[in-house]
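The data block below is work_12.tsv; it holds TSV, C-alpha atoms.
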chain	number	residue	atom	x	y	z
X	417	MET	CA	-68.48	-35.02	-0.54
X	418	SER	CA	-69.86	-31.69	-1.76
X	419	GLY	CA	-67.84	-29.28	0.37
X	420	ARG	CA	-70.94	-27.71	1.92
X	421	LEU	CA	-68.86	-26.39	4.85
X	422	GLU	CA	-65.74	-25.51	2.88
X	423	GLY	CA	-63.54	-23.22	4.97
X	424	LYS	CA	-66.00	-22.85	7.86
X	425	VAL	CA	-64.57	-22.87	11.40
X	426	VAL	CA	-66.59	-25.16	13.65
X	427	ILE	CA	-66.50	-26.00	17.36
X	428	ILE	CA	-68.16	-29.30	18.31
X	429	THR	CA	-68.56	-30.36	21.95
X	430	GLY	CA	-68.89	-33.92	23.19
X	431	ALA	CA	-66.78	-34.83	20.18
X	432	ALA	CA	-65.02	-37.96	21.42
X	433	ARG	CA	-67.70	-40.53	20.63
X	434	GLY	CA	-71.26	-41.15	19.43
X	435	GLN	CA	-73.06	-38.28	17.71
X	436	GLY	CA	-70.23	-35.86	18.34
X	437	LEU	CA	-67.64	-38.06	16.66
X	438	ALA	CA	-69.92	-38.62	13.66
X	439	GLU	CA	-70.42	-34.86	13.35
X	440	VAL	CA	-66.66	-34.26	13.47
X	441	GLU	CA	-66.05	-36.81	10.73
X	442	LEU	CA	-68.82	-35.54	8.45
X	443	PHE	CA	-68.02	-31.86	8.93
X	444	ARG	CA	-64.34	-32.42	8.15
X	445	ALA	CA	-65.29	-34.41	5.08
X	446	GLU	CA	-67.41	-31.43	3.99
X	447	GLY	CA	-64.42	-29.07	4.23
X	448	ALA	CA	-64.77	-27.55	7.70
X	449	HIS	CA	-61.95	-26.68	10.08
X	450	VAL	CA	-63.25	-28.56	13.14
X	451	ILE	CA	-62.22	-27.93	16.73
X	452	ALA	CA	-63.31	-31.14	18.45
X	453	GLY	CA	-63.78	-30.56	22.18
X	454	ASP	CA	-64.40	-33.08	24.97
X	455	VAL	CA	-63.31	-33.97	28.49
X	456	LEU	CA	-62.44	-37.50	27.31
X	457	ASP	CA	-59.12	-38.39	25.72
X	458	HIS	CA	-59.48	-38.16	21.94
X	459	ASP	CA	-58.09	-36.57	18.81
X	460	GLY	CA	-59.08	-33.04	19.78
X	461	ILE	CA	-58.85	-30.44	22.53
X	462	PHE	CA	-59.86	-30.61	26.17
X	463	LEU	CA	-63.10	-28.69	26.69
X	464	ASP	CA	-65.10	-28.74	29.92
X	465	VAL	CA	-68.36	-27.14	28.83
X	466	THR	CA	-69.27	-26.22	32.43
X	467	SER	CA	-66.23	-23.94	32.71
X	468	ALA	CA	-66.16	-20.43	31.27
X	469	GLU	CA	-62.37	-20.54	31.47
X	470	SER	CA	-62.25	-23.77	29.45
X	471	TRP	CA	-64.53	-22.25	26.82
X	472	ALA	CA	-62.38	-19.13	26.62
X	473	ALA	CA	-59.23	-21.20	26.09
X	474	ALA	CA	-60.84	-23.28	23.34
X	475	VAL	CA	-62.29	-20.27	21.53
X	476	ASP	CA	-59.09	-18.23	21.86
X	477	SER	CA	-57.11	-21.13	20.39
X	478	ALA	CA	-59.47	-21.44	17.43
X	479	VAL	CA	-59.57	-17.70	16.77
X	480	SER	CA	-55.79	-17.37	17.00
X	481	ILE	CA	-55.48	-19.87	14.14
X	482	HIS	CA	-58.56	-19.20	12.03
X	483	GLY	CA	-59.59	-15.65	12.99
X	484	ARG	CA	-63.27	-16.38	13.63
X	485	ILE	CA	-65.92	-18.97	14.54
X	486	ASP	CA	-68.61	-19.82	11.99
X	487	VAL	CA	-70.47	-22.68	13.69
X	488	LEU	CA	-70.97	-23.84	17.27
X	489	LEU	CA	-72.46	-27.31	17.71
X	490	ASN	CA	-73.43	-27.89	21.34
X	491	ASN	CA	-73.56	-31.68	21.38
X	492	ALA	CA	-72.17	-32.59	24.84
X	493	GLY	CA	-74.75	-34.14	27.15
X	494	VAL	CA	-75.24	-36.52	30.05
X	495	ARG	CA	-78.12	-38.35	31.75
X	496	ALA	CA	-79.01	-39.21	35.33
X	497	VAL	CA	-81.60	-41.92	35.93
X	498	ALA	CA	-83.75	-41.99	39.08
X	499	PRO	CA	-87.33	-41.23	40.13
X	500	VAL	CA	-87.82	-37.54	40.72
X	501	HIS	CA	-88.36	-37.97	44.46
X	502	GLN	CA	-85.10	-39.92	44.74
X	503	MET	CA	-82.93	-37.91	42.35
X	504	PRO	CA	-79.74	-36.77	44.11
X	505	ILE	CA	-79.47	-33.01	43.90
X	506	ASP	CA	-75.83	-33.23	42.88
X	507	ASP	CA	-76.77	-35.47	39.92
X	508	PHE	CA	-79.59	-33.15	38.90
X	509	GLN	CA	-77.27	-30.15	39.06
X	510	ARG	CA	-74.55	-31.90	37.03
X	511	VAL	CA	-77.01	-32.66	34.23
X	512	LEU	CA	-78.17	-29.05	34.15
X	513	ASP	CA	-74.59	-27.77	34.23
X	514	ILE	CA	-73.53	-29.85	31.20
X	515	ASN	CA	-76.72	-29.94	29.16
X	516	LEU	CA	-77.93	-26.36	29.69
X	517	ILE	CA	-75.32	-24.09	31.25
X	518	GLY	CA	-72.66	-25.56	28.93
X	519	PRO	CA	-74.44	-24.41	25.76
X	520	LEU	CA	-75.10	-20.99	27.30
X	521	LEU	CA	-71.42	-20.54	28.14
X	522	GLY	CA	-70.53	-21.69	24.65
X	523	ILE	CA	-72.86	-19.18	23.04
X	524	GLN	CA	-71.45	-16.38	25.18
X	525	ALA	CA	-67.90	-17.39	24.28
X	526	VAL	CA	-68.31	-17.64	20.50
X	527	VAL	CA	-70.71	-14.83	19.60
X	528	PRO	CA	-68.07	-12.06	19.81
X	529	HIS	CA	-66.08	-13.98	17.19
X	530	MET	CA	-68.99	-14.70	14.83
X	531	GLN	CA	-70.18	-12.77	11.82
X	532	SER	CA	-73.46	-12.57	9.93
X	533	GLY	CA	-74.29	-15.98	8.47
X	534	SER	CA	-72.94	-17.93	11.42
X	535	SER	CA	-74.86	-20.82	12.96
X	536	ILE	CA	-75.36	-22.17	16.48
X	537	ILE	CA	-76.86	-25.64	16.87
X	538	ASN	CA	-78.04	-27.05	20.21
X	539	VAL	CA	-78.66	-30.79	20.50
X	540	SER	CA	-81.80	-31.21	22.59
X	541	SER	CA	-83.87	-34.43	22.55
X	542	LEU	CA	-87.38	-35.76	22.13
X	543	ASN	CA	-87.25	-35.57	25.92
X	544	GLY	CA	-87.40	-31.85	25.32
X	545	LEU	CA	-90.97	-32.42	24.12
X	546	ALA	CA	-92.16	-35.19	26.44
X	547	ALA	CA	-90.77	-37.02	29.45
X	548	ASN	CA	-89.94	-40.64	30.14
X	549	VAL	CA	-90.00	-42.14	33.61
X	550	ASN	CA	-86.91	-41.56	35.75
X	551	THR	CA	-85.59	-38.76	33.51
X	552	SER	CA	-86.45	-35.62	35.49
X	553	ALA	CA	-82.97	-34.10	35.23
X	554	TYR	CA	-82.42	-34.92	31.58
X	555	THR	CA	-85.93	-33.92	30.52
X	556	THR	CA	-85.75	-30.64	32.42
X	557	SER	CA	-82.43	-29.79	30.80
X	558	LYS	CA	-83.65	-30.59	27.29
X	559	PHE	CA	-86.90	-28.63	27.65
X	560	ALA	CA	-84.84	-25.68	28.89
X	561	LEU	CA	-82.35	-26.01	26.05
X	562	ARG	CA	-85.19	-25.59	23.57
X	563	GLY	CA	-86.15	-22.40	25.40
X	564	LEU	CA	-82.57	-21.16	25.31
X	565	THR	CA	-82.44	-21.90	21.59
X	566	LYS	CA	-85.53	-19.84	20.82
X	567	SER	CA	-84.45	-16.95	23.04
X	568	ALA	CA	-81.01	-16.93	21.46
X	569	ALA	CA	-82.54	-16.99	17.97
X	570	LEU	CA	-84.40	-13.78	18.81
X	571	ASP	CA	-81.45	-12.07	20.50
X	572	LEU	CA	-78.88	-13.00	17.87
X	573	GLY	CA	-81.03	-12.69	14.77
X	574	PRO	CA	-80.20	-8.97	14.37
X	575	LEU	CA	-76.52	-10.00	14.21
X	576	GLY	CA	-77.28	-12.43	11.38
X	577	ILE	CA	-76.57	-15.45	13.62
X	578	ARG	CA	-78.96	-18.38	13.31
X	579	VAL	CA	-79.77	-20.60	16.33
X	580	ASN	CA	-81.55	-23.95	15.98
X	581	ALA	CA	-82.12	-27.15	17.94
X	582	ILE	CA	-81.96	-30.79	16.89
X	583	LEU	CA	-84.20	-33.20	18.79
X	584	PRO	CA	-82.90	-36.75	18.29
X	585	GLY	CA	-85.01	-39.80	18.94
X	586	VAL	CA	-83.45	-43.11	19.94
X	587	ILE	CA	-79.90	-43.09	18.56
X	588	ARG	CA	-77.34	-45.86	18.83
X	589	THR	CA	-74.83	-44.08	21.09
X	590	PRO	CA	-72.88	-45.06	24.22
X	591	MET	CA	-75.26	-42.98	26.36
X	592	VAL	CA	-78.23	-45.29	25.70
X	593	SER	CA	-76.49	-48.47	24.56
X	594	TYR	CA	-77.87	-50.37	27.54
X	595	ILE	CA	-81.40	-49.64	26.32
X	596	VAL	CA	-80.77	-50.21	22.63
X	597	ASP	CA	-78.91	-53.47	23.19
X	598	GLU	CA	-81.81	-54.96	25.11
X	599	TYR	CA	-84.84	-53.48	23.37
X	600	GLU	CA	-83.73	-52.61	19.82
X	601	GLU	CA	-86.20	-54.85	18.02
X	602	ARG	CA	-89.15	-53.52	20.01
X	603	LEU	CA	-88.02	-49.89	19.71
X	604	ALA	CA	-87.47	-50.19	15.96
X	605	ALA	CA	-90.87	-51.83	15.45
X	606	GLY	CA	-92.54	-48.79	17.00
X	607	LEU	CA	-90.99	-46.35	14.51
X	608	PRO	CA	-92.48	-45.59	11.08
X	609	LEU	CA	-89.05	-45.97	9.45
X	610	GLY	CA	-88.53	-49.27	11.24
X	611	ARG	CA	-85.00	-48.80	12.57
X	612	ILE	CA	-83.01	-47.23	15.37
X	613	GLY	CA	-81.22	-44.01	14.50
X	614	GLU	CA	-77.48	-43.91	13.89
X	615	PRO	CA	-75.11	-41.08	14.89
X	616	MET	CA	-74.69	-40.11	11.25
X	617	ASP	CA	-78.44	-39.43	11.03
X	618	ILE	CA	-77.94	-36.61	13.53
X	619	ALA	CA	-74.72	-35.48	11.87
X	620	GLY	CA	-76.58	-35.09	8.57
X	621	ALA	CA	-79.21	-32.89	10.19
X	622	ALA	CA	-76.49	-30.84	11.86
X	623	LEU	CA	-74.76	-30.44	8.50
X	624	PHE	CA	-77.92	-28.88	7.05
X	625	LEU	CA	-78.23	-26.42	9.93
X	626	ALA	CA	-74.52	-25.56	9.82
X	627	SER	CA	-74.48	-24.97	6.07
X	628	ASP	CA	-75.74	-22.06	4.01
X	629	ASP	CA	-78.56	-24.33	2.81
X	630	SER	CA	-80.42	-23.29	5.99
X	631	ALA	CA	-79.67	-19.57	5.64
X	632	TRP	CA	-83.26	-18.58	6.46
X	633	VAL	CA	-83.84	-21.13	9.22
X	634	SER	CA	-83.67	-20.02	12.84
X	635	GLY	CA	-85.47	-20.91	16.07
X	636	LEU	CA	-86.30	-24.39	14.70
X	637	ASP	CA	-86.92	-27.59	16.66
X	638	LEU	CA	-85.79	-30.22	14.13
X	639	THR	CA	-86.96	-33.67	15.21
X	640	VAL	CA	-84.78	-36.48	13.85
X	641	ASP	CA	-86.62	-39.50	15.16
X	642	GLY	CA	-87.54	-41.98	12.45
X	643	GLY	CA	-91.06	-40.58	12.41
X	644	GLN	CA	-91.74	-41.22	16.09
X	645	MET	CA	-93.50	-37.90	16.74
X	646	ALA	CA	-95.72	-38.30	13.67
X	647	SER	CA	-97.96	-40.85	15.31
X	648	THR	CA	-100.57	-40.51	18.04
X	649	PRO	CA	-99.47	-42.27	21.23
X	650	LYS	CA	-101.23	-45.62	21.71
X	651	LEU	CA	-103.38	-45.70	24.82
Exercise: express the given structure as structure tokens:
Amino acid sequence: MSGRLEGKVVIITGAARGQGLAEVELFRAEGAHVIAGDVLDHDGIFLDVTSAESWAAAVDSAVSIHGRIDVLLNNAGVRAVAPVHQMPIDDFQRVLDINLIGPLLGIQAVVPHMQSGSSIINVSSLNGLAANVNTSAYTTSKFALRGLTKSAALDLGPLGIRVNAILPGVIRTPMVSYIVDEYEERLAAGLPLGRIGEPMDIAGAALFLASDDSAWVSGLDLTVDGGQMASTPKL
């Protein structure tokens, strides 16, 4: 590895599996000090992204050891599947709390401990550009997360803090394994690059946005989708 994050202090949420775990592994291999947060049991710290108190504890722990935060990667996310007119309000609220309020609380917690050149990365989705059926909660949260990203890029730019979003396409993760397992061949055939995405594809994009290679990049929606958004939808 090239050490592109050598010495950087990074908090990654949703770090126990899937994209989050891949990001933890790649960032550590690139020299970062990674604080891997999740509500699941794993080799990291407990972090409930919906709780300001949980965020404060995680950030305080990191700062007490390393003195600062250089990168926040808001990866944690959940889905709820139901038609909009049948979506339980509690399910809708939970998705918003984790996918949208969680990143906001994270930003508020880390910014006082960041310096110029720091990076915040929010993991949105292609569902932040267009909806699928039965995804009203998830789609709403991911559209809103793009808005939060752009607003934060404007507000934090004067501090030298960059804020960007990654918009993954279909990635082989536990969240959508039931879809990929059944429809992988058809999904892959519809992509210009001809394959389903892997967690490390997202980790690589996150590495770019976390590193100094993207020092003049802020407010970006970076689609990582195998070329899916390059084509005109077939009618």
Practice item. For range 445-450 of chain X, list every protein, DNA or RNA residue within 8 Å, evaluated using only C-alpha atoms, and leave out those in the same chain fewer than 4 positions away; present the list as a list in words. Key: Met417, Ser418, Gly419, Arg420, Leu421, Glu422, Gly423, Lys424, Val425, Val426, Ile427, Ile428, Val440 and Glu441 of chain X
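Atom pair CA of Ile451 in chain X / CA of Ala478 in chain X: separated by 7.1 Å.
Of the listed residues X:Gln531, X:Asn490, X:Thr429, X:Ser627, the one whose atoms come nearest to Pro574 in chain X is X:Gln531, with distances taken using all atoms listed in the file.
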Review point. Got a sec: who's within 12 Å of Leu437 in chain X, counting only C-alpha atoms, leaving out chain neighbours fewer than 4 positions off, as a list of chain:residue names?
Key: X:Ile428, X:Thr429, X:Gly430, X:Ala431, X:Ala432, X:Arg433, X:Glu441, X:Leu442, X:Phe443, X:Arg444, X:Val450, X:Ile451, X:Ala452, X:Gly453, X:Asp454, X:Leu456, X:His458, X:Asp459, X:Gly460, X:Leu489, X:Asn491, X:Ala492, X:Thr589, X:Pro590, X:Glu614, X:Pro615, X:Met616, X:Ile618, X:Ala619
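For the residues X:Leu638, X:Ala560, X:Met530, X:Ile485, ranking by smallest atom-to-atom distance to Leu575 in chain X using all atoms listed in the file places X:Met530 first.
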Check your understanding: Restricting the calculation to only C-alpha atoms, which member of X:Pro499, X:Pro504, X:Gly643, X:Gly434 is positioned closest to Ser552 in chain X?
Key ->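 When distances to Ser552 in chain X are compared using only C-alpha atoms, the smallest one comes from X:Pro499.
CA of Gly606 in chain X is found 26.4 Å from CA of Glu439 in chain X.
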Check your understanding: Which one of X:Asp476, X:Ala553, X:Gly518, X:Val539 sits closest to Ile505 in chain X if you count only C-alpha atoms?
Key -> X:Ala553
Exercise for review: Would you please work out which residue, of X:Ser541, X:Asn550, X:Thr555, X:Ser534, is nearest to Ile577 in chain X when using only C-alpha atoms?
Suggested key: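 Looking at the shortest contact to Ile577 in chain X, the residue is X:Ser534.
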Point to revise | Å distance separating CA of Ala605 in chain X from CA of Pro584 in chain X, one decimal place | key: 17.3 Å
Check your understanding: Given the choices X:Arg588, X:Arg562, X:Arg578, X:His529, which gets closest to Ser634 in chain X if the distance is worked out from all atoms listed in the file?
Key ->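 Using all atoms listed in the file, Ser634 in chain X sits closest to X:Arg578.
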Practice item. List the neighbours of Leu512 in chain X out to 12 Å using only C-alpha atoms; skip same-chain residues closer than 3 positions along the sequence, and give me the result as a ChimeraX atom specification. Key: /X:465-466,492-496,505-509,515-520,552-561
Check your understanding: Contacts of Gly613 in chain X at 7 Å or less, counting all atoms listed in the file, minus same-chain residues fewer than 4 places along, as a PyMOL selection string?
Key -> chain X and resi 586-588+617+642
